[in-house]
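Undergrad: Got a structure for you, written out below as structure tokens; questions coming shortly.
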Amino acid sequence: MTNANTRRPHIFGIRHLSPAGAFYLRTYLEEKRPRLVLIEGPSDLGDVLEPITRPETKPPIAILAYTKETPVETILYPFAEYSPEYQAILWCRERGAACRFMDLPSEVFLGIARQRLGREEGPASERGEEERLNVYALLDEQAGEDGHETFWERTLEQTNRAQSYHQGANLFGESLRELSAGQEEDWPEILVREAYMRRQIRSALAEGFDPGEIVVVTGAYHVQGLLDPQAPPMSDREFALLPRAQASHTLMPYSDYRLSTRSGYGAGNKAPAYYQLIWEGLRRGEPSYAASAYLTRMAAFQRQQGMGVSSAEVIEALRLAGSLAKLRGGVQPALRDLRDAAVTCMGGGNPASLALARADVEIGTRIGALPQGVSRTSIQEDFYRQLGEWKLEKYRDIAAQDLALDLRENRNVSSRKAAFLDLYRSFFLHQLRVLGICFASLQQVSQDNATWAEHWVLRWSPEAEIQLVESALKGDTVAQAASFLLKEQAESAGSISGVAQVIEDAFTCGMEAALHYATGALQAMAVDAASLEELAQTASRLSAVIRYGSIRNLEAAPLTPILQQLFLRACLILPGACVCDEAASQGIAEAMEKLNRVQLAHEFLEQELWLGALEETARRDDLNTRLSGFAAAILLERGAMDEESLRLQVLRRLSRGVPAQLGAGWFEGLAGKNRYALIARLSLWEQLDAYLASLDGEEFKRALVFLRRAFADFSSLEKDEIAENLGELWGLNGQQVSEQLNASLKGEEQKLVESLGDFDFDL
Amino acid sequence: MEQNILRLPAEQLFQKEIDALIAAERDPVPTGWRMSPKSVRTYICGGRAGGVEITPKYIGQERLVEIAIATLVTDRALLLIGEPGTAKSWLSEHLTAAINGDSTKVVQGTAGTTEEQIRYSWNYAMLIANGPSQEAMLKSPVFRAMETGTIARVEEISRCASEVQDALISLLSEKRISVPELGEEVAARKGFSVIATANTRDKGVNEMSAALKRRFNIVVLPAPATLEAEMEIVNTRVAQLSQGLDLNASLPPQETVEKVCTIFRELREGQTLDRTQKLKTTSGVLSTAEAISLLCNSMALAGSFGSGKVSDEDLAAGLQGAVIKEEDKDGVAWKEYLENVMKKRGLKWMGLYRACRDLTEDR
């Protein structure tokens, strides 16, 4: 052996997330007994090594490094239980050996990512995916079958000796390198990383570690690069030249599901739960464990779903998988063989029938856990503290769970905290909602208990964790971050309804300071002109806050003058706003409805003002007739229009000479509300009947369109009652008329209606 | 002699390839088989053996073929399911040809198939004259397969009555057949298995019992996944068939094959290939097998009555026959297809469009 060779440390090439790699790496470490293990991973993240080894830590977990400035760039290092790196870290802890990461510091990784982003203006993550694909697409072609996953599983995961894994992986990395060296898009980055890793190795040697006492754990691909005696380690000057970005990092729980979605080398694998089975099989010393466990779990899942799967079928599937593997020269069935065998023997040849079972058995639902207080950002700390404080920990689960909240005070308990537990939970969840953290989503609740009940669906996912970390830039606690965000939104809102949204959010989040801030912003803005819809929208939001303020223990009084101001403005512009076309009338009608409700809810809003505006709208002939009709409907409902004036209105609106579509449009507006009151007025129907009788053919067609629309959403019961009315008018049996009305169209009638489609409505 | 046979069994047609594969064998051969599973795969999916080029017999997912072969290795029975014309029988014939060198142990499932055709029956003259004896017994293909340790084929199993299907159950689970008349029990030798085929369109005819299904490994054969794959299948088969049939016509040009496959695929899937237009589907299946016979038919027309080159008129006649199976419904679908799709495809399709339209107007 040459001198150069003896100066080299031991090096173990692995594939990330490889059970066999993890298992044989342990054997290898046992054999070599190193004093120092160097692992491919950002060298400045050494502080997470200790918490990773604590017994409370349950993989899958991930190290997340992120830039401190927006836009946030992140890099992620996921570890499953069968990650060789994870097992190496554990081994070091057990045997008291030193353990270090040796790859580029995370701030350099993020610096490079940021530089790339600046250079290419493209989303970095997508590009990263492409780069990986290049090499692996090439490999997929070479490997035959269905790609490198299966190839790897057959050739390396199923090796039964440490020696052969070690050599196989090295050979694999070497040939991969030969295949692709220099052609990959991120080749320069690879060279830089390897130079840095060589630098780390050299400095370990300089510290006095004997080469024989060091084991380097790295991706098989890098083995050649690290061993290359010609390649120099990175110099101090070169190191200083690397781009950097201000970065922070944290440990986070990860999930099987997340592992499976980030397929591609290193970042994940498609079947985390199945790989877990391989790992367990290796630990038990039963190489065939994964195959039988996979198939029996599949069968068990099918049975749970009510599909019969017999043990005989499982046995047959296992045999079939075995002979499929032999066809491909394998000893143990690979995932692909097992899957196909399961489909053939248990699924009747139909892959879809096993799709759910596959998701369950291959991907799994495991999520990781970290000990309390492990190197998190302060906002994460706060999040977990609050989870505990509001007794929400059990909802931190990958499966969605319902949570019904009752915001009222619970008078059966003594402490204030317990009495308002649900209210505090609601504040907390709303803050998360505002921050866009996908942990909790609010569901609609039915009208009757809408004031004090909330219904949430809670589902934890690693995305939520990442979003949480990203929110760290906004504040140190969840509340602070939410408050910061709301202020920002209030400032950037372009319309008063936008600010009202912020006010509503601040209110539901229980954040008084933000509420007052946004109120000020609204006041400043309310001076400017706004449309009726906008005003109505804002007024109804403010009204909700004022009405339900007490239930959230919030003082809403400062909002009253603003609401008054907005309401006054709305009343003044209402008649003017009703000069509009058919398309806009729908929005205005909704606004009128909202304003009406707001007025009814608050005594401090002048009733006279509102009714006056409505009367004007109902009276004037130059407005959109549908809206005039709707105004009349509101007045009628509130008892502000008497029989006589209704009769006159109807006579005037539905008289010959008024274009038919205007008359019918008015009636449509009138029928938009309090239908029972209308139905009960026999005289109204008499007038309508007389009016229709007076129309000629062409006019009738025009009117018909509007009338059809007006009656479209009447229930059949309501139609029955109208029929009774008409029956009485015509001296017919109500039953018969009703049958006619509720019957569906006959062939000829259908044709007639269709011919209306060609009818020219332009006047 | 062989020249005069209309259709040779697969093992004779591809004798050379099978011999080459056997000669070049390097992997272990299962009991009762003539070649290793890997060689069977090569025989079906194509490749090389020794110096001989092996033509692909089944064009499609190689994985399905692997599953089928692996099933037979485990002595399980194999059930091939698929739409009509997805090469179920074709695959089963070639599997037996490669594994046993004998694809002729076939029971054709029909409504009239009896239990005796699955088990055994008697030569009644001898039975009456001499009583039951080995000589008087007429063994079914399945019986013979059990005795010799080979594979029997049951075609269209779902067309058989359920009692006939049930007769298979005990055979497949016990792997023995008892002949009470002779006081004998014949045990299947190693290598015995059954390949059955069933049609998804015939599902309702005699639904297979769960008990029977459990005894089979089920492989579903799909219609060809892409236009290219389907054209390849059609090309290969048309070339093979026309060799044997002396059609006196040249092979149809690629463009014609493409047109036929396009029409078939579009009508089968109910949408145009570019997925922009929805189409009415027809009552017929329009399988790949039909496309093949359509082209052969056109070649026969061209060879016997035309120039020897497949013209648009030759094609049109066949197309109309293939597409229109039920006059009312299919006629409308076909006319719509002609007007809405084919007519708008431009010059390349004009000739065919005119020929087809002329025919529909004649009717």
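By convention in this document, the chains of the structure tokens carry letters A, B, ... by their order, each chain's residues are numbered from 1, and ligands are numbered from 1 in the order they are shown.
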Just need the residues of chain A within 12 Å of chain B, counting only C-alpha atoms, so spit them out as a PyMOL selection string.
TA: chain A and resi 144-146+308-329+336-352
Undergrad: What does the file look like for those residues with C-alpha atoms, as a PDB file, in the first residue's frame?
TA:
```
ATOM      1  CA  GLY A 144     -34.307  -1.815 -17.284  1.00  0.00           C
ATOM      2  CA  GLU A 145     -37.398  -2.920 -15.397  1.00  0.00           C
ATOM      3  CA  ASP A 146     -39.127   0.060 -13.891  1.00  0.00           C
ATOM      4  CA  GLY A 308     -62.507 -11.109   1.850  1.00  0.00           C
ATOM      5  CA  VAL A 309     -58.915 -12.188   1.424  1.00  0.00           C
ATOM      6  CA  SER A 310     -58.034 -15.707   2.484  1.00  0.00           C
ATOM      7  CA  SER A 311     -54.743 -16.817   3.921  1.00  0.00           C
ATOM      8  CA  ALA A 312     -54.443 -19.150   0.948  1.00  0.00           C
ATOM      9  CA  GLU A 313     -54.422 -16.150  -1.329  1.00  0.00           C
ATOM     10  CA  VAL A 314     -51.689 -14.528   0.714  1.00  0.00           C
ATOM     11  CA  ILE A 315     -49.611 -17.680   0.453  1.00  0.00           C
ATOM     12  CA  GLU A 316     -50.199 -17.864  -3.290  1.00  0.00           C
ATOM     13  CA  ALA A 317     -49.224 -14.219  -3.660  1.00  0.00           C
ATOM     14  CA  LEU A 318     -46.028 -14.859  -1.768  1.00  0.00           C
ATOM     15  CA  ARG A 319     -45.181 -17.782  -4.015  1.00  0.00           C
ATOM     16  CA  LEU A 320     -45.975 -15.817  -7.133  1.00  0.00           C
ATOM     17  CA  ALA A 321     -43.838 -12.909  -5.952  1.00  0.00           C
ATOM     18  CA  GLY A 322     -41.005 -15.363  -5.381  1.00  0.00           C
ATOM     19  CA  SER A 323     -41.165 -16.744  -8.852  1.00  0.00           C
ATOM     20  CA  LEU A 324     -41.480 -13.241 -10.351  1.00  0.00           C
ATOM     21  CA  ALA A 325     -38.304 -12.303  -8.519  1.00  0.00           C
ATOM     22  CA  LYS A 326     -36.564 -15.392  -9.899  1.00  0.00           C
ATOM     23  CA  LEU A 327     -37.532 -14.384 -13.425  1.00  0.00           C
ATOM     24  CA  ARG A 328     -35.572 -11.212 -12.800  1.00  0.00           C
ATOM     25  CA  GLY A 329     -32.717 -13.013 -11.157  1.00  0.00           C
ATOM     26  CA  ARG A 336     -42.681  -4.444  -7.561  1.00  0.00           C
ATOM     27  CA  ASP A 337     -43.014  -8.230  -7.469  1.00  0.00           C
ATOM     28  CA  LEU A 338     -45.013  -8.112  -4.270  1.00  0.00           C
ATOM     29  CA  ARG A 339     -47.319  -5.468  -5.586  1.00  0.00           C
ATOM     30  CA  ASP A 340     -47.975  -7.302  -8.834  1.00  0.00           C
ATOM     31  CA  ALA A 341     -48.449 -10.582  -7.022  1.00  0.00           C
ATOM     32  CA  ALA A 342     -50.908  -8.998  -4.627  1.00  0.00           C
ATOM     33  CA  VAL A 343     -52.895  -7.540  -7.502  1.00  0.00           C
ATOM     34  CA  THR A 344     -52.933 -10.879  -9.307  1.00  0.00           C
ATOM     35  CA  CYS A 345     -53.844 -13.081  -6.353  1.00  0.00           C
ATOM     36  CA  MET A 346     -55.842 -10.809  -4.051  1.00  0.00           C
ATOM     37  CA  GLY A 347     -57.110  -8.118  -6.362  1.00  0.00           C
ATOM     38  CA  GLY A 348     -58.503 -10.160  -9.229  1.00  0.00           C
ATOM     39  CA  GLY A 349     -55.957  -8.661 -11.603  1.00  0.00           C
ATOM     40  CA  ASN A 350     -57.331  -5.174 -11.075  1.00  0.00           C
ATOM     41  CA  PRO A 351     -54.756  -2.772  -9.618  1.00  0.00           C
ATOM     42  CA  ALA A 352     -57.393  -0.230  -8.604  1.00  0.00           C
TER      43      ALA A 352
END
```
Undergrad: What residues in range 216-345 of chain B get the DSSP label strand (DSSP E or B)? Please answer as a list in words.
TA: Phe216, Asn217, Ile218, Val219, Val220, Leu221, Gln271 and Lys278 of chain B
Undergrad: To one decimal in Å, tell me the separation between CA of Arg258 in chain A and CA of Gly436 in chain A.
TA: 18.9 Å
Undergrad: Hey, what's within 10 Å of Asn199 in chain B if we count only C-alpha atoms and toss same-chain stuff fewer than 2 positions away? As a ChimeraX atom specification, please?
TA: /B:80-86,88,155-159,197,201-205
Undergrad: Please produce a file of those selected residues containing N, CA and C atoms, as a short mmCIF file (atom, residue, chain, number, x, y, z; two decimals), in the first residue's frame.
TA:
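The resulting file, selection-v4.cif, is reproduced below:
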```cif
data_model
loop_
_atom_site.label_atom_id
_atom_site.label_comp_id
_atom_site.auth_asym_id
_atom_site.auth_seq_id
_atom_site.Cartn_x
_atom_site.Cartn_y
_atom_site.Cartn_z
N LEU B 80 -56.74 -15.55 -17.82
CA LEU B 80 -56.51 -14.33 -18.58
C LEU B 80 -57.85 -13.68 -18.86
N ILE B 81 -58.00 -12.45 -18.43
CA ILE B 81 -59.26 -11.73 -18.62
C ILE B 81 -59.01 -10.51 -19.49
N GLY B 82 -59.96 -10.18 -20.32
CA GLY B 82 -59.79 -8.96 -21.10
C GLY B 82 -60.94 -8.77 -22.06
N GLU B 83 -60.95 -7.62 -22.67
CA GLU B 83 -61.93 -7.32 -23.71
C GLU B 83 -61.69 -8.30 -24.86
N PRO B 84 -62.69 -8.49 -25.70
CA PRO B 84 -62.46 -9.33 -26.88
C PRO B 84 -61.31 -8.75 -27.70
N GLY B 85 -60.50 -9.63 -28.24
CA GLY B 85 -59.44 -9.18 -29.12
C GLY B 85 -58.25 -8.59 -28.43
N THR B 86 -58.04 -8.90 -27.16
CA THR B 86 -56.85 -8.39 -26.50
C THR B 86 -55.78 -9.48 -26.40
N LYS B 88 -55.95 -12.75 -25.61
CA LYS B 88 -55.96 -13.72 -24.51
C LYS B 88 -55.64 -15.11 -25.02
N GLU B 155 -60.81 -22.38 -23.05
CA GLU B 155 -61.14 -21.10 -23.67
C GLU B 155 -62.52 -20.64 -23.24
N GLU B 156 -62.68 -19.35 -23.10
CA GLU B 156 -63.99 -18.74 -22.82
C GLU B 156 -64.70 -19.44 -21.67
N ILE B 157 -64.05 -19.50 -20.56
CA ILE B 157 -64.58 -20.28 -19.44
C ILE B 157 -65.90 -19.71 -18.94
N SER B 158 -66.10 -18.40 -19.10
CA SER B 158 -67.33 -17.82 -18.56
C SER B 158 -68.55 -18.15 -19.43
N ARG B 159 -68.33 -18.77 -20.59
CA ARG B 159 -69.48 -19.17 -21.39
C ARG B 159 -70.00 -20.55 -20.98
N THR B 197 -59.27 -18.60 -20.30
CA THR B 197 -59.48 -17.22 -20.74
C THR B 197 -60.93 -16.87 -20.53
N ARG B 201 -66.56 -8.76 -21.63
CA ARG B 201 -67.86 -8.42 -22.19
C ARG B 201 -68.89 -9.48 -21.84
N ASP B 202 -68.44 -10.71 -21.62
CA ASP B 202 -69.35 -11.82 -21.34
C ASP B 202 -69.53 -12.05 -19.86
N LYS B 203 -69.12 -11.10 -19.07
CA LYS B 203 -69.13 -11.28 -17.62
C LYS B 203 -70.44 -11.88 -17.13
N GLY B 204 -71.52 -11.35 -17.65
CA GLY B 204 -72.82 -11.76 -17.13
C GLY B 204 -73.29 -13.11 -17.60
N VAL B 205 -72.62 -13.72 -18.59
CA VAL B 205 -73.15 -14.95 -19.16
C VAL B 205 -73.26 -16.03 -18.10
#
```
Undergrad: Using DSSP on the backbone, list every residue of range 465-548 of chain A that comes out as alpha helix (DSSP H), and give them as a VMD selection string.
TA: chain A and resid 465 to 471 478 to 492 496 to 508 512 to 526 532 to 548
Undergrad: Just want the 12 Å neighbourhood of Val142 in chain B, counted on only C-alpha atoms, with same-chain residues fewer than 6 positions away dropped. Output as a tab-separated table (two decimals) with C-alpha atoms, in the first residue's frame.
TA:
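Output file around-v6.tsv is given in full below:
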```tsv
chain	number	residue	atom	x	y	z
B	104	THR	CA	-53.55	-28.32	-28.67
B	105	LYS	CA	-55.00	-29.52	-25.37
B	106	VAL	CA	-57.93	-27.16	-25.58
B	107	VAL	CA	-61.45	-27.23	-24.22
B	108	GLN	CA	-63.54	-24.67	-25.99
B	115	GLU	CA	-68.76	-31.83	-17.57
B	116	GLU	CA	-67.54	-34.85	-19.55
B	117	GLN	CA	-65.55	-32.56	-21.80
B	118	ILE	CA	-63.66	-31.37	-18.76
B	119	ARG	CA	-63.21	-34.80	-17.20
B	120	TYR	CA	-63.71	-37.88	-19.38
B	148	THR	CA	-48.63	-35.99	-18.93
B	149	GLY	CA	-47.86	-33.12	-16.59
B	150	THR	CA	-48.59	-30.45	-19.15
B	151	ILE	CA	-50.84	-27.45	-19.46
B	152	ALA	CA	-54.45	-27.58	-20.63
B	153	ARG	CA	-56.27	-24.61	-22.02
B	154	VAL	CA	-59.89	-23.75	-21.33
B	167	ALA	CA	-66.02	-29.45	-12.26
B	168	LEU	CA	-62.76	-27.57	-12.65
B	171	LEU	CA	-59.48	-30.71	-10.40
B	172	LEU	CA	-57.57	-27.56	-9.60
B	175	LYS	CA	-54.92	-32.01	-8.62
B	176	ARG	CA	-56.33	-35.49	-9.13
B	177	ILE	CA	-59.24	-37.02	-10.99
B	186	VAL	CA	-55.27	-40.41	-11.53
B	188	ALA	CA	-51.67	-34.99	-11.89
B	192	PHE	CA	-49.84	-29.78	-14.86
B	193	SER	CA	-51.73	-26.54	-14.92
B	194	VAL	CA	-54.64	-24.83	-16.62
B	195	ILE	CA	-54.77	-21.59	-18.56
B	196	ALA	CA	-58.29	-20.27	-18.87
```
Undergrad: Using only C-alpha atoms for the distances, tell me which of B:Ala98, B:Val65, B:Ile22, B:Val29 is nearest to Ala49 in chain B.
TA: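 With only C-alpha atoms as the atom set, the closest residue is B:Ile22.
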Undergrad: Report, in Å with one decimal, the straight-line distance from CA of Phe604 in chain A to CA of Ala570 in chain A.
TA: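 These two atoms are separated by 15.1 Å.
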Undergrad: Taking 4 positions as the minimum chain separation for residues in the same chain, which residues sit within 12 Å of Arg161 in chain A when counting only C-alpha atoms? Answer as a VMD selection string.
TA: chain A and resid 20 to 21 23 to 25 27 to 28 156 to 157 165 to 168 282 285 287
Undergrad: Using only C-alpha atoms, which of A:Ala98, A:Leu651, A:Leu614, A:Ile562 sits nearest Leu635 in chain A?
TA: A:Leu614
Undergrad: At a cut-off of 8 Å, using only C-alpha atoms, what residues contact range 397-412 of chain A? Leave out same-chain residues fewer than 4 positions from it and give the result as a ChimeraX atom specification.
TA: /A:365-367,418-420,422-423,426,452-461,551-552
Undergrad: Write out as a list in words each polymer residue whose atoms come within 9 Å of Glu339 in chain B, counting only C-alpha atoms; drop sequence neighbours fewer than 4 positions from it.
TA: Trp334, Lys335, Lys343, Lys344, Tyr353 and Arg357 of chain B
Undergrad: Next, write the just-selected residues to a file, as an mmCIF file, in the first residue's frame, keeping C-alpha atoms as the atom set.
TA:
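Result written to result-v2.cif:
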```
data_model
loop_
_atom_site.group_PDB
_atom_site.id
_atom_site.type_symbol
_atom_site.label_atom_id
_atom_site.label_comp_id
_atom_site.auth_asym_id
_atom_site.auth_seq_id
_atom_site.Cartn_x
_atom_site.Cartn_y
_atom_site.Cartn_z
ATOM 1 C CA TRP B 334 -70.531 6.025 -37.977
ATOM 2 C CA LYS B 335 -72.106 8.790 -40.069
ATOM 3 C CA LYS B 343 -64.092 14.835 -43.257
ATOM 4 C CA LYS B 344 -62.192 17.483 -41.333
ATOM 5 C CA TYR B 353 -63.956 9.598 -46.431
ATOM 6 C CA ARG B 357 -69.684 8.139 -47.508
#
```
Undergrad: Quick one: of A:Tyr691, A:Trp91, A:Tyr221, A:Phe101, who's nearest to Asp44 in chain A, counting only C-alpha atoms?
TA: A:Phe101
